[in-house]
>>> print(open('upload_17.pdb').read())   # PDB, C-alpha atoms, pLDDT in the B column
MODEL        1
ATOM      1  CA  MET A   1      36.924  21.754  26.134  1.00 55.00           C
ATOM      2  CA  LYS A   2      33.266  22.237  26.998  1.00 63.00           C
ATOM      3  CA  LYS A   3      32.413  22.580  23.281  1.00 63.00           C
ATOM      4  CA  VAL A   4      34.264  19.363  22.467  1.00 56.00           C
ATOM      5  CA  LEU A   5      32.433  17.437  25.200  1.00 50.00           C
ATOM      6  CA  LEU A   6      29.064  18.804  24.067  1.00 54.00           C
ATOM      7  CA  THR A   7      29.859  17.876  20.467  1.00 65.00           C
ATOM      8  CA  ILE A   8      30.840  14.341  21.490  1.00 58.00           C
ATOM      9  CA  LEU A   9      27.711  14.025  23.630  1.00 51.00           C
ATOM     10  CA  ALA A  10      25.506  15.263  20.769  1.00 60.00           C
ATOM     11  CA  ALA A  11      27.151  12.809  18.357  1.00 59.00           C
ATOM     12  CA  MET A  12      26.594   9.947  20.796  1.00 53.00           C
ATOM     13  CA  ILE A  13      22.934  10.852  21.256  1.00 59.00           C
ATOM     14  CA  LEU A  14      22.367  11.165  17.508  1.00 53.00           C
ATOM     15  CA  SER A  15      24.096   7.884  16.718  1.00 57.00           C
ATOM     16  CA  THR A  16      22.177   6.119  19.493  1.00 61.00           C
ATOM     17  CA  THR A  17      18.898   7.580  18.226  1.00 66.00           C
ATOM     18  CA  ALA A  18      19.627   6.513  14.631  1.00 62.00           C
ATOM     19  CA  ALA A  19      20.623   3.030  15.742  1.00 67.00           C
ATOM     20  CA  PHE A  20      17.506   2.793  17.906  1.00 63.00           C
ATOM     21  CA  ALA A  21      15.272   3.871  15.011  1.00 63.00           C
ATOM     22  CA  GLN A  22      16.918   1.345  12.695  1.00 68.00           C
ATOM     23  CA  ASN A  23      16.565  -1.423  15.275  1.00 81.00           C
ATOM     24  CA  MET A  24      12.893  -0.538  15.866  1.00 84.00           C
ATOM     25  CA  SER A  25      12.191  -0.461  12.116  1.00 88.00           C
ATOM     26  CA  LYS A  26      13.839  -3.840  11.711  1.00 92.00           C
ATOM     27  CA  ALA A  27      11.970  -5.299  14.683  1.00 91.00           C
ATOM     28  CA  MET A  28       8.639  -4.038  13.352  1.00 92.00           C
ATOM     29  CA  ALA A  29       9.364  -5.346   9.856  1.00 93.00           C
ATOM     30  CA  ASP A  30      10.383  -8.736  11.244  1.00 95.00           C
ATOM     31  CA  CYS A  31       7.244  -8.906  13.356  1.00 93.00           C
ATOM     32  CA  PHE A  32       5.088  -7.997  10.365  1.00 90.00           C
ATOM     33  CA  ILE A  33       6.679 -10.621   8.110  1.00 95.00           C
ATOM     34  CA  ASP A  34       6.365 -13.239  10.847  1.00 95.00           C
ATOM     35  CA  ARG A  35       2.686 -12.404  11.264  1.00 94.00           C
ATOM     36  CA  PHE A  36       2.017 -12.287   7.512  1.00 93.00           C
ATOM     37  CA  PRO A  37       4.493 -14.749   5.960  1.00 95.00           C
ATOM     38  CA  ASP A  38       2.492 -14.755   2.711  1.00 94.00           C
ATOM     39  CA  PRO A  39       2.198 -11.222   1.288  1.00 93.00           C
ATOM     40  CA  ASP A  40      -1.236 -12.109  -0.085  1.00 89.00           C
ATOM     41  CA  MET A  41      -2.466 -12.151   3.511  1.00 90.00           C
ATOM     42  CA  ILE A  42      -2.252  -8.338   3.493  1.00 88.00           C
ATOM     43  CA  HIS A  43      -5.607  -6.841   2.519  1.00 82.00           C
ATOM     44  CA  SER A  44      -8.421  -4.874   4.069  1.00 75.00           C
ATOM     45  CA  TYR A  45     -11.174  -6.421   6.115  1.00 75.00           C
ATOM     46  CA  LYS A  46     -13.841  -8.117   3.959  1.00 75.00           C
ATOM     47  CA  SER A  47     -11.701  -7.828   0.845  1.00 78.00           C
ATOM     48  CA  SER A  48      -9.344 -10.215  -0.847  1.00 78.00           C
ATOM     49  CA  ASN A  49      -7.817  -7.695  -3.262  1.00 77.00           C
ATOM     50  CA  THR A  50      -4.117  -7.578  -2.526  1.00 84.00           C
ATOM     51  CA  ILE A  51      -3.281  -4.977  -5.164  1.00 91.00           C
ATOM     52  CA  SER A  52      -4.287  -2.123  -2.912  1.00 91.00           C
ATOM     53  CA  TRP A  53      -2.972   0.436  -0.479  1.00 91.00           C
ATOM     54  CA  GLN A  54      -2.375  -1.911   2.483  1.00 92.00           C
ATOM     55  CA  PRO A  55       0.305  -4.089   0.890  1.00 94.00           C
ATOM     56  CA  GLY A  56       1.509  -1.110  -1.137  1.00 94.00           C
ATOM     57  CA  TYR A  57       2.388   0.812   2.024  1.00 93.00           C
ATOM     58  CA  VAL A  58       3.970  -2.260   3.587  1.00 94.00           C
ATOM     59  CA  MET A  59       6.208  -2.818   0.548  1.00 96.00           C
ATOM     60  CA  PHE A  60       7.135   0.881   0.544  1.00 95.00           C
ATOM     61  CA  ALA A  61       8.208   0.644   4.205  1.00 95.00           C
ATOM     62  CA  LEU A  62      10.029  -2.659   3.712  1.00 97.00           C
ATOM     63  CA  GLU A  63      12.057  -1.160   0.883  1.00 97.00           C
ATOM     64  CA  HIS A  64      13.346   1.481   3.284  1.00 95.00           C
ATOM     65  CA  VAL A  65      14.185  -1.125   5.917  1.00 96.00           C
ATOM     66  CA  TRP A  66      15.979  -3.199   3.264  1.00 97.00           C
ATOM     67  CA  ARG A  67      18.000  -0.219   2.030  1.00 96.00           C
ATOM     68  CA  ASN A  68      18.925   0.809   5.582  1.00 94.00           C
ATOM     69  CA  THR A  69      19.900  -2.658   6.806  1.00 94.00           C
ATOM     70  CA  GLY A  70      21.027  -4.454   3.654  1.00 96.00           C
ATOM     71  CA  ASP A  71      19.070  -7.491   4.875  1.00 97.00           C
ATOM     72  CA  ALA A  72      17.841  -9.371   1.781  1.00 97.00           C
ATOM     73  CA  ARG A  73      14.886 -10.802   3.706  1.00 97.00           C
ATOM     74  CA  TYR A  74      12.962  -7.547   3.149  1.00 98.00           C
ATOM     75  CA  TYR A  75      13.735  -7.319  -0.560  1.00 98.00           C
ATOM     76  CA  ASP A  76      12.842 -11.005  -0.970  1.00 98.00           C
ATOM     77  CA  TYR A  77       9.464 -10.395   0.670  1.00 98.00           C
ATOM     78  CA  ILE A  78       8.738  -7.479  -1.680  1.00 98.00           C
ATOM     79  CA  LYS A  79       9.799  -9.539  -4.692  1.00 98.00           C
ATOM     80  CA  ARG A  80       7.635 -12.431  -3.557  1.00 98.00           C
ATOM     81  CA  TYR A  81       4.654 -10.055  -3.333  1.00 97.00           C
ATOM     82  CA  ILE A  82       5.260  -8.717  -6.836  1.00 98.00           C
ATOM     83  CA  ASP A  83       5.904 -12.188  -8.260  1.00 98.00           C
ATOM     84  CA  GLN A  84       2.595 -13.383  -6.826  1.00 96.00           C
ATOM     85  CA  HIS A  85       0.863 -10.717  -8.929  1.00 97.00           C
ATOM     86  CA  VAL A  86       2.910 -10.231 -12.096  1.00 98.00           C
ATOM     87  CA  ASP A  87       2.980 -13.014 -14.667  1.00 98.00           C
ATOM     88  CA  GLU A  88       5.607 -13.594 -17.375  1.00 97.00           C
ATOM     89  CA  ASP A  89       3.743 -11.279 -19.771  1.00 98.00           C
ATOM     90  CA  GLY A  90       3.563  -8.425 -17.274  1.00 98.00           C
ATOM     91  CA  ASN A  91      -0.122  -8.880 -16.502  1.00 97.00           C
ATOM     92  CA  ILE A  92      -1.071  -7.869 -12.964  1.00 97.00           C
ATOM     93  CA  ARG A  93      -3.406 -10.179 -11.084  1.00 93.00           C
ATOM     94  CA  GLN A  94      -6.220  -8.288  -9.338  1.00 91.00           C
ATOM     95  CA  PHE A  95      -5.267  -4.841 -10.674  1.00 94.00           C
ATOM     96  CA  THR A  96      -8.233  -2.658 -11.475  1.00 93.00           C
ATOM     97  CA  PRO A  97      -7.585   1.032 -12.151  1.00 94.00           C
ATOM     98  CA  ASP A  98     -10.759   2.210 -10.418  1.00 93.00           C
ATOM     99  CA  ALA A  99      -9.210   3.722  -7.259  1.00 92.00           C
ATOM    100  CA  LEU A 100      -5.885   5.373  -6.504  1.00 93.00           C
ATOM    101  CA  ASP A 101      -5.562   2.784  -3.715  1.00 92.00           C
ATOM    102  CA  HIS A 102      -4.618   0.278  -6.409  1.00 94.00           C
ATOM    103  CA  PHE A 103      -1.625   2.178  -7.783  1.00 95.00           C
ATOM    104  CA  ILE A 104       0.828   2.271  -4.851  1.00 94.00           C
ATOM    105  CA  PRO A 105       1.809  -1.421  -5.382  1.00 96.00           C
ATOM    106  CA  GLY A 106       3.214  -0.234  -8.718  1.00 97.00           C
ATOM    107  CA  TYR A 107       5.945   1.467  -6.699  1.00 97.00           C
ATOM    108  CA  ALA A 108       7.186  -1.943  -5.526  1.00 97.00           C
ATOM    109  CA  CYS A 109       6.928  -3.279  -9.062  1.00 98.00           C
ATOM    110  CA  LEU A 110       9.299  -0.532 -10.204  1.00 98.00           C
ATOM    111  CA  LEU A 111      11.738  -1.416  -7.405  1.00 98.00           C
ATOM    112  CA  ILE A 112      11.864  -5.012  -8.623  1.00 98.00           C
ATOM    113  CA  TYR A 113      12.360  -3.838 -12.203  1.00 98.00           C
ATOM    114  CA  GLU A 114      15.201  -1.543 -11.093  1.00 98.00           C
ATOM    115  CA  GLN A 115      16.902  -4.427  -9.308  1.00 98.00           C
ATOM    116  CA  THR A 116      16.385  -7.175 -11.904  1.00 98.00           C
ATOM    117  CA  GLY A 117      15.939  -5.431 -15.248  1.00 98.00           C
ATOM    118  CA  GLU A 118      13.394  -8.119 -16.183  1.00 98.00           C
ATOM    119  CA  ALA A 119      10.973  -7.033 -18.915  1.00 98.00           C
ATOM    120  CA  LYS A 120       7.888  -8.460 -17.208  1.00 98.00           C
ATOM    121  CA  TYR A 121       8.217  -5.900 -14.408  1.00 98.00           C
ATOM    122  CA  ALA A 122       8.620  -3.036 -16.881  1.00 98.00           C
ATOM    123  CA  LYS A 123       5.495  -4.250 -18.715  1.00 98.00           C
ATOM    124  CA  ALA A 124       3.585  -4.392 -15.451  1.00 98.00           C
ATOM    125  CA  ALA A 125       4.754  -0.890 -14.510  1.00 98.00           C
ATOM    126  CA  GLU A 126       3.548   0.305 -17.902  1.00 98.00           C
ATOM    127  CA  LYS A 127       0.112  -1.192 -17.158  1.00 97.00           C
ATOM    128  CA  PHE A 128      -0.041   0.730 -13.887  1.00 97.00           C
ATOM    129  CA  ARG A 129       0.948   3.882 -15.775  1.00 97.00           C
ATOM    130  CA  GLU A 130      -1.621   3.244 -18.498  1.00 97.00           C
ATOM    131  CA  GLY A 131      -4.251   3.045 -15.785  1.00 96.00           C
ATOM    132  CA  LEU A 132      -3.410   6.601 -14.737  1.00 95.00           C
ATOM    133  CA  ARG A 133      -3.510   7.924 -18.314  1.00 94.00           C
ATOM    134  CA  SER A 134      -7.202   7.109 -18.558  1.00 92.00           C
ATOM    135  CA  TYR A 135      -8.001   7.624 -14.865  1.00 94.00           C
ATOM    136  CA  PRO A 136     -11.039   9.821 -13.973  1.00 93.00           C
ATOM    137  CA  ARG A 137     -10.281  13.431 -13.081  1.00 92.00           C
ATOM    138  CA  THR A 138     -11.932  16.545 -11.718  1.00 91.00           C
ATOM    139  CA  GLU A 139     -12.600  19.611 -13.886  1.00 90.00           C
ATOM    140  CA  LEU A 140      -9.170  20.877 -12.765  1.00 90.00           C
ATOM    141  CA  GLY A 141      -7.514  17.707 -14.036  1.00 91.00           C
ATOM    142  CA  MET A 142      -6.782  16.182 -10.644  1.00 91.00           C
ATOM    143  CA  PHE A 143      -7.261  12.453 -10.107  1.00 93.00           C
ATOM    144  CA  ILE A 144     -10.372  11.553  -8.132  1.00 91.00           C
ATOM    145  CA  HIS A 145      -9.834   9.144  -5.265  1.00 90.00           C
ATOM    146  CA  GLY A 146     -11.955   6.400  -6.819  1.00 88.00           C
ATOM    147  CA  VAL A 147     -15.003   5.813  -8.937  1.00 84.00           C
ATOM    148  CA  ARG A 148     -17.061   5.314  -5.762  1.00 84.00           C
ATOM    149  CA  GLN A 149     -15.489   8.404  -4.115  1.00 82.00           C
ATOM    150  CA  PRO A 150     -15.333  11.094  -6.823  1.00 86.00           C
ATOM    151  CA  GLN A 151     -13.374  13.534  -4.659  1.00 88.00           C
ATOM    152  CA  VAL A 152      -9.717  14.455  -4.367  1.00 88.00           C
ATOM    153  CA  TRP A 153      -8.216  12.900  -1.241  1.00 87.00           C
ATOM    154  CA  VAL A 154      -4.777  13.742   0.124  1.00 86.00           C
ATOM    155  CA  ASP A 155      -3.862  10.063   0.501  1.00 83.00           C
ATOM    156  CA  GLY A 156      -4.697   9.614  -3.181  1.00 81.00           C
ATOM    157  CA  VAL A 157      -2.105  12.243  -4.011  1.00 78.00           C
ATOM    158  CA  TYR A 158       0.411  10.116  -2.147  1.00 82.00           C
ATOM    159  CA  MET A 159      -0.592   6.784  -3.706  1.00 87.00           C
ATOM    160  CA  GLY A 160      -0.801   7.973  -7.285  1.00 90.00           C
ATOM    161  CA  GLN A 161       2.100  10.392  -7.259  1.00 91.00           C
ATOM    162  CA  MET A 162       4.618   8.174  -5.472  1.00 91.00           C
ATOM    163  CA  PHE A 163       4.179   5.619  -8.234  1.00 95.00           C
ATOM    164  CA  LEU A 164       4.206   8.249 -10.982  1.00 95.00           C
ATOM    165  CA  LEU A 165       7.398   9.909  -9.696  1.00 95.00           C
ATOM    166  CA  ARG A 166       9.273   6.632  -9.573  1.00 97.00           C
ATOM    167  CA  TYR A 167       7.864   5.629 -12.941  1.00 98.00           C
ATOM    168  CA  ALA A 168       9.070   8.897 -14.516  1.00 97.00           C
ATOM    169  CA  LYS A 169      12.568   8.393 -13.126  1.00 97.00           C
ATOM    170  CA  THR A 170      12.914   4.643 -13.659  1.00 98.00           C
ATOM    171  CA  MET A 171      11.285   4.402 -17.073  1.00 98.00           C
ATOM    172  CA  GLY A 172      12.753   7.646 -18.427  1.00 97.00           C
ATOM    173  CA  HIS A 173       9.562   9.677 -18.849  1.00 97.00           C
ATOM    174  CA  PRO A 174      10.409  13.162 -17.532  1.00 95.00           C
ATOM    175  CA  GLU A 175       7.114  14.523 -18.916  1.00 94.00           C
ATOM    176  CA  ASP A 176       5.386  12.735 -16.061  1.00 96.00           C
ATOM    177  CA  TYR A 177       7.022  15.070 -13.536  1.00 95.00           C
ATOM    178  CA  ALA A 178       4.707  17.837 -14.773  1.00 94.00           C
ATOM    179  CA  GLU A 179       1.714  15.553 -14.149  1.00 93.00           C
ATOM    180  CA  VAL A 180       2.864  14.979 -10.579  1.00 93.00           C
ATOM    181  CA  VAL A 181       3.185  18.720  -9.963  1.00 92.00           C
ATOM    182  CA  LYS A 182      -0.264  19.281 -11.488  1.00 90.00           C
ATOM    183  CA  GLN A 183      -1.786  16.658  -9.187  1.00 90.00           C
ATOM    184  CA  ILE A 184      -0.245  18.260  -6.101  1.00 86.00           C
ATOM    185  CA  THR A 185      -0.877  21.899  -6.952  1.00 86.00           C
ATOM    186  CA  GLY A 186      -4.248  21.510  -8.696  1.00 79.00           C
TER
ENDMDL
END
>>> encode(input="upload_17.pdb", output="structure tokens")
Amino acid sequence: MKKVLLTILAAMILSTTAAFAQNMSKAMADCFIDRFPDPDMIHSYKSSNTISWQPGYVMFALEHVWRNTGDARYYDYIKRYIDQHVDEDGNIRQFTPDALDHFIPGYACLLIYEQTGEAKYAKAAEKFREGLRSYPRTELGMFIHGVRQPQVWVDGVYMGQMFLLRYAKTMGHPEDYAEVVKQITG
């Protein structure tokens, strides 16, 4: 009997914790969207480039909130962000492949392509990928953080590789998995 009660108690605690985490994630996402109703408001201080790590991380987080809640408001916000940057020909407004900071928004672009199947998003994703093909590297072949910071940074591994992993899976390029491993292991 004691084991049964402990199991029930543990299940209640775990379900309460999961529900609390989901509610907190939703509350934070709602607060963020209310504060920044236009995704182009998300950029670093003294910069107006919105194809960068700040909105990229936000869209990454919002995708998880959307998948966990099913609330279309989060997906719609991500799509609005991508649509503000990708034109009908797949060109990406403000994208410059001179820092890994500029690649994480490609992750959101791939999400929108996965959901819609629209060619313009696939073309845009290909432009992000093309930027990595010619991206500067160290002697060991690892991506440098940026042309103004010619070092390998751990956050650059995240920003470049998260996009590249999803690209490999979504666009059917399994050869890119080896590139991801190379970037992580050196």
>>> closest_residue(input="upload_17.pdb", among="A:Glu114, A:Glu179, A:Asp40, A:Asp71", to="Leu132 (chain A)", atoms="all atoms listed in the file")
A:Glu179
>>> closest_residue(input="upload_17.pdb", among="A:Asp76, A:Asp101, A:Glu63, A:Asp87", to="Arg148 (chain A)", atoms="only C-alpha atoms")
A:Asp101
>>> axis_aligned_box(input="upload_17.pdb", around="region 45-52 of chain A", padding_each_side="3 Å", output="lines of an AutoDock Vina configuration file")
center_x = -8.6
center_y = -6.2
center_z = 0.5
size_x = 16.6
size_y = 14.1
size_z = 17.3
>>> resolve_selection(input="upload_17.pdb", expression="the PyMOL selection byres ((chain A and resi 149) around 12)", output="mmCIF file with C-alpha atoms, in the frame of the given file")
data_model
loop_
_atom_site.group_PDB
_atom_site.id
_atom_site.type_symbol
_atom_site.label_atom_id
_atom_site.label_comp_id
_atom_site.auth_asym_id
_atom_site.auth_seq_id
_atom_site.Cartn_x
_atom_site.Cartn_y
_atom_site.Cartn_z
ATOM 1 C CA ASP A 98 -10.759 2.210 -10.418
ATOM 2 C CA ALA A 99 -9.210 3.722 -7.259
ATOM 3 C CA LEU A 100 -5.885 5.373 -6.504
ATOM 4 C CA ASP A 101 -5.562 2.784 -3.715
ATOM 5 C CA PRO A 136 -11.039 9.821 -13.973
ATOM 6 C CA ARG A 137 -10.281 13.431 -13.081
ATOM 7 C CA THR A 138 -11.932 16.545 -11.718
ATOM 8 C CA PHE A 143 -7.261 12.453 -10.107
ATOM 9 C CA ILE A 144 -10.372 11.553 -8.132
ATOM 10 C CA HIS A 145 -9.834 9.144 -5.265
ATOM 11 C CA GLY A 146 -11.955 6.400 -6.819
ATOM 12 C CA VAL A 147 -15.003 5.813 -8.937
ATOM 13 C CA ARG A 148 -17.061 5.314 -5.762
ATOM 14 C CA PRO A 150 -15.333 11.094 -6.823
ATOM 15 C CA GLN A 151 -13.374 13.534 -4.659
ATOM 16 C CA VAL A 152 -9.717 14.455 -4.367
ATOM 17 C CA TRP A 153 -8.216 12.900 -1.241
ATOM 18 C CA GLY A 156 -4.697 9.614 -3.181
#
>>> resolve_selection(input="upload_17.pdb", expression="the PyMOL selection byres ((chain A and resi 49-54) around 6)", output="list in words")
Asp40, His43, Ser47, Ser48, Pro55, Gly56, Tyr57, Phe95, Asp101 and His102 of chain A
>>> closest_residue(input="upload_17.pdb", among="A:Ile33, A:Met28, A:Ile104, A:Ala119", to="Leu165 (chain A)", atoms="only C-alpha atoms")
A:Ile104
>>> closest_residue(input="upload_17.pdb", among="A:Ala27, A:Ile92, A:Ile82, A:Leu110", to="Thr69 (chain A)", atoms="only C-alpha atoms")
A:Ala27
>>> closest_residue(input="upload_17.pdb", among="A:Glu126, A:Asp155, A:Asp30, A:Asp83", to="Thr170 (chain A)", atoms="only C-alpha atoms")
A:Glu126
>>> resolve_selection(input="upload_17.pdb", expression="the PyMOL selection byres ((chain A and resi 185) around 12)", output="list in words")
Leu140, Gly141, Met142, Phe143, Val152, Val154, Val157, Gln161, Ala178, Glu179, Val180, Val181, Lys182, Gln183, Ile184 and Gly186 of chain A
>>> write_last_selection(input="upload_17.pdb", atoms="C-alpha atoms", output="PDB file, in the coordinates of the input")
ATOM      1  CA  LEU A 140      -9.170  20.877 -12.765  1.00 90.00           C
ATOM      2  CA  GLY A 141      -7.514  17.707 -14.036  1.00 91.00           C
ATOM      3  CA  MET A 142      -6.782  16.182 -10.644  1.00 91.00           C
ATOM      4  CA  PHE A 143      -7.261  12.453 -10.107  1.00 93.00           C
ATOM      5  CA  VAL A 152      -9.717  14.455  -4.367  1.00 88.00           C
ATOM      6  CA  VAL A 154      -4.777  13.742   0.124  1.00 86.00           C
ATOM      7  CA  VAL A 157      -2.105  12.243  -4.011  1.00 78.00           C
ATOM      8  CA  GLN A 161       2.100  10.392  -7.259  1.00 91.00           C
ATOM      9  CA  ALA A 178       4.707  17.837 -14.773  1.00 94.00           C
ATOM     10  CA  GLU A 179       1.714  15.553 -14.149  1.00 93.00           C
ATOM     11  CA  VAL A 180       2.864  14.979 -10.579  1.00 93.00           C
ATOM     12  CA  VAL A 181       3.185  18.720  -9.963  1.00 92.00           C
ATOM     13  CA  LYS A 182      -0.264  19.281 -11.488  1.00 90.00           C
ATOM     14  CA  GLN A 183      -1.786  16.658  -9.187  1.00 90.00           C
ATOM     15  CA  ILE A 184      -0.245  18.260  -6.101  1.00 86.00           C
ATOM     16  CA  GLY A 186      -4.248  21.510  -8.696  1.00 79.00           C
TER      17      GLY A 186
END
>>> residues_near_point(input="upload_17.pdb", point="(15.0, -4.4, 4.9)", cutoff="10 Å", atoms="all atoms listed in the file", output="list in words")
Gln22, Ser25, Lys26, Ala29, Asp30, Met59, Ala61, Leu62, Glu63, His64, Val65, Trp66, Arg67, Asn68, Thr69, Gly70, Asp71, Ala72, Arg73, Tyr74, Tyr75, Asp76, Tyr77 and Ile78 of chain A
>>> decode(input="upload_17.pdb", residues="region 128-137 of chain A", atoms="all heavy atoms", output="tab-separated table (two decimals), in the first residue's frame")
chain	number	residue	atom	x	y	z
A	128	PHE	N	20.26	29.95	-46.89
A	128	PHE	CA	20.96	29.84	-45.61
A	128	PHE	C	22.05	28.76	-45.72
A	128	PHE	O	23.18	28.97	-45.30
A	128	PHE	CB	19.99	29.48	-44.48
A	128	PHE	CG	19.20	30.63	-43.92
A	128	PHE	CD1	17.83	30.72	-44.15
A	128	PHE	CD2	19.80	31.60	-43.14
A	128	PHE	CE1	17.08	31.76	-43.61
A	128	PHE	CE2	19.07	32.65	-42.59
A	128	PHE	CZ	17.70	32.73	-42.83
A	129	ARG	N	21.68	27.62	-46.29
A	129	ARG	CA	22.64	26.52	-46.41
A	129	ARG	C	23.82	26.92	-47.29
A	129	ARG	O	24.97	26.61	-46.98
A	129	ARG	CB	21.95	25.27	-46.98
A	129	ARG	CG	22.91	24.09	-47.20
A	129	ARG	CD	23.54	23.66	-45.89
A	129	ARG	NE	24.49	22.60	-46.02
A	129	ARG	CZ	25.83	22.77	-46.02
A	129	ARG	NH1	26.36	23.97	-45.92
A	129	ARG	NH2	26.63	21.74	-46.12
A	130	GLU	N	23.55	27.59	-48.38
A	130	GLU	CA	24.63	28.04	-49.27
A	130	GLU	C	25.59	28.95	-48.52
A	130	GLU	O	26.80	28.89	-48.75
A	130	GLU	CB	24.05	28.75	-50.50
A	130	GLU	CG	25.05	29.01	-51.59
A	130	GLU	CD	25.74	27.75	-52.10
A	130	GLU	OE1	25.08	26.70	-52.23
A	130	GLU	OE2	26.96	27.82	-52.36
A	131	GLY	N	25.06	29.76	-47.63
A	131	GLY	CA	25.92	30.62	-46.83
A	131	GLY	C	26.90	29.83	-45.98
A	131	GLY	O	28.04	30.27	-45.77
A	132	LEU	N	26.51	28.67	-45.51
A	132	LEU	CA	27.42	27.84	-44.72
A	132	LEU	C	28.44	27.11	-45.60
A	132	LEU	O	29.55	26.82	-45.15
A	132	LEU	CB	26.64	26.82	-43.88
A	132	LEU	CG	25.93	27.39	-42.66
A	132	LEU	CD1	25.12	26.29	-41.97
A	132	LEU	CD2	26.91	28.01	-41.68
A	133	ARG	N	28.08	26.81	-46.83
A	133	ARG	CA	29.03	26.11	-47.72
A	133	ARG	C	30.28	26.95	-47.95
A	133	ARG	O	31.38	26.40	-48.07
A	133	ARG	CB	28.36	25.78	-49.05
A	133	ARG	CG	27.42	24.61	-48.98
A	133	ARG	CD	26.94	24.15	-50.36
A	133	ARG	NE	26.00	23.06	-50.21
A	133	ARG	CZ	24.67	23.22	-50.15
A	133	ARG	NH1	24.14	24.42	-50.27
A	133	ARG	NH2	23.89	22.18	-49.99
A	134	SER	N	30.11	28.25	-48.04
A	134	SER	CA	31.26	29.12	-48.31
A	134	SER	C	31.70	29.90	-47.06
A	134	SER	O	32.48	30.84	-47.16
A	134	SER	CB	30.89	30.10	-49.42
A	134	SER	OG	29.76	30.87	-49.06
A	135	TYR	N	31.22	29.48	-45.90
A	135	TYR	CA	31.49	30.21	-44.66
A	135	TYR	C	32.95	30.03	-44.22
A	135	TYR	O	33.50	28.94	-44.35
A	135	TYR	CB	30.54	29.71	-43.57
A	135	TYR	CG	30.48	30.62	-42.38
A	135	TYR	CD1	29.74	31.79	-42.43
A	135	TYR	CD2	31.20	30.34	-41.24
A	135	TYR	CE1	29.70	32.66	-41.35
A	135	TYR	CE2	31.17	31.19	-40.15
A	135	TYR	CZ	30.43	32.34	-40.22
A	135	TYR	OH	30.40	33.20	-39.17
A	136	PRO	N	33.59	31.07	-43.68
A	136	PRO	CA	34.99	30.96	-43.23
A	136	PRO	C	35.16	29.91	-42.12
A	136	PRO	O	34.30	29.76	-41.25
A	136	PRO	CB	35.30	32.36	-42.69
A	136	PRO	CG	34.27	33.26	-43.25
A	136	PRO	CD	33.06	32.42	-43.50
A	137	ARG	N	36.31	29.24	-42.19
A	137	ARG	CA	36.62	28.16	-41.25
A	137	ARG	C	38.03	28.29	-40.69
A	137	ARG	O	38.87	28.97	-41.28
A	137	ARG	CB	36.49	26.80	-41.95
A	137	ARG	CG	35.10	26.52	-42.49
A	137	ARG	CD	35.12	25.31	-43.42
A	137	ARG	NE	33.83	25.07	-44.01
A	137	ARG	CZ	33.02	24.08	-43.67
A	137	ARG	NH1	33.39	23.23	-42.75
A	137	ARG	NH2	31.86	23.93	-44.26
